[in-house]
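> Take a look at this one; I'll ask things after.
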Amino acid sequence: MKLGILINEGPYTHQASDTAYLFAKAAVEKGHKIHRVFFYHDGVYNSNRLTEPPQDDRHIVNRWQKLAKDNQIDLVVCVAAALRRGIKDENLQEGFRISGLGQLIESGIQSDRLVTFGD
Amino acid sequence: MTEATGGIEMEEDTSGKVKKFLYVNRKAPYGTIYALESLEVVLIAAAFDQDVSLAFIDDGVYQVVKGQHTKGIDVKNFSPTFRALEGYDIEKLYVEKESMEARGLKEDDFIVPVKVVSAQEMADLMETQDVVLSF
């Protein structure tokens, strides 16, 4: 199945990004295709290159980066939501790209299911 | 894929497909940014010629209440934007009856024409959709 994912909450405060990651990983392992993960609202913080959690904790940003690289997943950060929150090319982690909300709608149209994480 | 474009891409490949999109608004217009950013999605989505509906449930019904004054909290009153949706052919707005009544609101309290439906009818509506985005 072709899946799109929407993440609406930032890392660490909220479990949404963790759950989305585990869902995406499990889906890929089952042979499904994740064509895009779209980061919106505070979800854009999941792309912050300056994120530095304690060493014994999971690195949410880099974990997304690796999963995307290994499985050709398009990681898209909403430009309007990102600029509002100070996420720019300068502090955007490699593997993510900043683009418009149209990418979310396109994901809804193209995927068999668009799955939302966060409230 | 790693290259940041920093802007909106106009060449979206949606190959003429039309899906039923429902935007579910459950939160009060102010206090959190969800309502405003949801409306931003709806406005962008309008350019995609999809079959769009909006639902207002729980405190989300306050988003379309008329007579909003936000000067005191120094936040932009975005409720007039709902009036502009008609110009984008977005005319299917549903308010859940139970949420409306629980908040002491009536059908003529809204800034735009809405259809008031029961929770059951709302559930039936959701059942018919392809993509449901809840903010």
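If you're wondering about the labels, chains in the structure tokens are A, B, ... by order shown, residues count from 1 in each chain, ligands from 1 in order shown.
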What residues in chain A lie within 10 Å of chain B, counting only C-alpha atoms, written as a ChimeraX atom specification?
/A:6,8,40-42,65,68-69,72-83,88-89,92-119
> What are the DSSP alpha helix (DSSP H) residues of chain B, as an MDAnalysis selection string?
chainID B and resid 34:45 81:84 97:102 119:127
> Using only C-alpha atoms, which residues sit within 10 Å of Pro113 (chain B) once same-chain residues fewer than 6 positions away are excluded, as a ChimeraX atom specification?
/B:64,82-83,86,91-94,107
> Contacts of region 121-127 of chain B at 9 Å or less, counting only C-alpha atoms, minus same-chain residues fewer than 6 places along, as an NGL selection string?
:B and (22 or 55 or 94-96)
> Write down as an MDAnalysis selection string the residues belonging to chain A that are assigned strand (DSSP E) by DSSP computed on the backbone.
chainID A and resid 2:7 33:39 74:78 96:99 113:117
> Could the residues in this selection be saved with N, CA and C atoms as a compact mmCIF listing (two decimals), in the first residue's frame?

```txt
# COMPACT_ATOMS: atom_id res chain seq x y z
N LYS A 2 0.42 2.25 -0.71
CA LYS A 2 1.16 3.51 -0.76
C LYS A 2 0.63 4.45 0.34
N LEU A 3 1.53 4.83 1.24
CA LEU A 3 1.10 5.61 2.40
C LEU A 3 1.71 7.01 2.43
N GLY A 4 0.92 7.94 2.90
CA GLY A 4 1.42 9.28 3.20
C GLY A 4 1.28 9.49 4.70
N ILE A 5 2.20 10.24 5.29
CA ILE A 5 2.14 10.49 6.73
C ILE A 5 2.15 11.99 6.99
N LEU A 6 1.32 12.40 7.94
CA LEU A 6 1.29 13.80 8.37
C LEU A 6 1.62 13.86 9.85
N ILE A 7 2.62 14.66 10.21
CA ILE A 7 3.01 14.79 11.62
C ILE A 7 2.77 16.23 12.08
N LYS A 33 4.87 1.08 0.92
CA LYS A 33 5.68 2.20 0.43
C LYS A 33 5.22 3.50 1.12
N ILE A 34 6.17 4.15 1.80
CA ILE A 34 5.86 5.48 2.36
C ILE A 34 6.41 6.49 1.35
N HIS A 35 5.56 7.21 0.68
CA HIS A 35 6.12 8.08 -0.35
C HIS A 35 6.46 9.46 0.21
N ARG A 36 5.81 9.84 1.28
CA ARG A 36 6.13 11.16 1.82
C ARG A 36 5.72 11.27 3.29
N VAL A 37 6.55 11.99 4.06
CA VAL A 37 6.16 12.39 5.41
C VAL A 37 6.10 13.91 5.39
N PHE A 38 4.96 14.46 5.77
CA PHE A 38 4.78 15.91 5.75
C PHE A 38 4.74 16.42 7.19
N PHE A 39 5.56 17.43 7.47
CA PHE A 39 5.65 17.99 8.82
C PHE A 39 4.93 19.33 8.86
N ASP A 74 10.33 10.84 1.06
CA ASP A 74 10.40 12.28 0.87
C ASP A 74 9.98 12.97 2.18
N LEU A 75 10.90 13.66 2.84
CA LEU A 75 10.58 14.36 4.09
C LEU A 75 10.33 15.83 3.79
N VAL A 76 9.09 16.26 3.89
CA VAL A 76 8.74 17.63 3.50
C VAL A 76 8.27 18.45 4.71
N VAL A 77 8.87 19.62 4.87
CA VAL A 77 8.55 20.52 5.97
C VAL A 77 7.77 21.70 5.39
N CYS A 78 6.62 22.01 5.97
CA CYS A 78 5.80 23.11 5.45
C CYS A 78 6.51 24.45 5.60
N PHE A 96 15.83 16.44 4.70
CA PHE A 96 14.52 17.10 4.73
C PHE A 96 14.52 18.19 3.66
N ARG A 97 13.34 18.55 3.19
CA ARG A 97 13.26 19.71 2.30
C ARG A 97 12.06 20.56 2.70
N ILE A 98 12.19 21.86 2.46
CA ILE A 98 11.12 22.79 2.79
C ILE A 98 10.30 23.04 1.53
N SER A 99 8.98 22.88 1.65
CA SER A 99 8.12 23.14 0.49
C SER A 99 6.73 23.55 0.95
N ARG A 113 -3.62 5.75 1.58
CA ARG A 113 -4.04 6.23 2.90
C ARG A 113 -3.11 7.35 3.34
N LEU A 114 -3.72 8.40 3.89
CA LEU A 114 -2.92 9.46 4.52
C LEU A 114 -3.14 9.34 6.02
N VAL A 115 -2.07 9.08 6.76
CA VAL A 115 -2.22 8.80 8.19
C VAL A 115 -1.66 9.97 9.00
N THR A 116 -2.50 10.50 9.90
CA THR A 116 -2.12 11.67 10.70
C THR A 116 -1.66 11.29 12.09
N PHE A 117 -0.60 11.93 12.56
CA PHE A 117 -0.11 11.74 13.93
C PHE A 117 -0.06 13.09 14.64
```
> CA of Ile90 (chain B) to CA of Val61 (chain B): how many Å, to one decimal?
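Answer for the CA of Ile90 (chain B) to CA of Val61 (chain B) separation: 17.3 Å.
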> For Asn46 (chain A), please output as a list in words all residues within 6 Å (counting only C-alpha atoms; exclusion window: fewer than 2 positions along the same chain).
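Listing them by chain and then by number gives Gly10, Pro11, Gly43, Val44, Asn48 and Val61 of chain A.
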> As a list in words, please: the residues near Ile111 (chain B) (cut-off 12 Å, only C-alpha atoms, same-chain neighbours under 5 positions excluded).
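What passes the distance filter is Val61, Tyr62, Gln63, Val64, Val65, Lys66, Gly67, Gln68, Phe78, Ser79, Pro80, Thr81, Phe82, Arg83, Ala84, Leu85, Leu93 and Lys106 of chain B.
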> Store the residues picked out above in a file with C-alpha atoms, as a PDB file, in the first residue's frame.

```pdb
ATOM      1  CA  VAL B  61     -17.705  25.470  16.315  1.00  0.00           C
ATOM      2  CA  TYR B  62     -16.382  28.718  17.823  1.00  0.00           C
ATOM      3  CA  GLN B  63     -14.209  29.201  14.718  1.00  0.00           C
ATOM      4  CA  VAL B  64     -17.224  30.221  12.643  1.00  0.00           C
ATOM      5  CA  VAL B  65     -19.077  32.240  15.242  1.00  0.00           C
ATOM      6  CA  LYS B  66     -19.692  35.795  14.108  1.00  0.00           C
ATOM      7  CA  GLY B  67     -18.656  38.909  16.003  1.00  0.00           C
ATOM      8  CA  GLN B  68     -15.150  37.839  17.000  1.00  0.00           C
ATOM      9  CA  PHE B  78      -9.116  35.338  10.840  1.00  0.00           C
ATOM     10  CA  SER B  79     -12.823  34.504  10.920  1.00  0.00           C
ATOM     11  CA  PRO B  80     -13.657  36.772   7.909  1.00  0.00           C
ATOM     12  CA  THR B  81     -11.525  34.399   5.805  1.00  0.00           C
ATOM     13  CA  PHE B  82     -14.288  31.804   6.124  1.00  0.00           C
ATOM     14  CA  ARG B  83     -16.453  34.165   4.093  1.00  0.00           C
ATOM     15  CA  ALA B  84     -13.915  34.032   1.266  1.00  0.00           C
ATOM     16  CA  LEU B  85     -14.190  30.244   0.940  1.00  0.00           C
ATOM     17  CA  LEU B  93     -19.555  23.551   5.843  1.00  0.00           C
ATOM     18  CA  LYS B 106     -27.827  28.806  17.362  1.00  0.00           C
TER      19      LYS B 106
END
```
> What separation in Å, quoted to one decimal, exists between CA of Gly72 (chain B) and CA of Arg85 (chain A)?
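Interatomic distance here is 23.2 Å.
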> To one decimal in Å, tell me the separation between CA of Asp18 (chain A) and CA of Arg49 (chain A).
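CA of Arg49 (chain A) lies 17.2 Å from CA of Asp18 (chain A).
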> Measuring atom to atom with only C-alpha atoms, identify which of B:Asp89, B:Thr32, B:Leu39, B:Met100 is nearest to Asp59 (chain B).
B:Met100
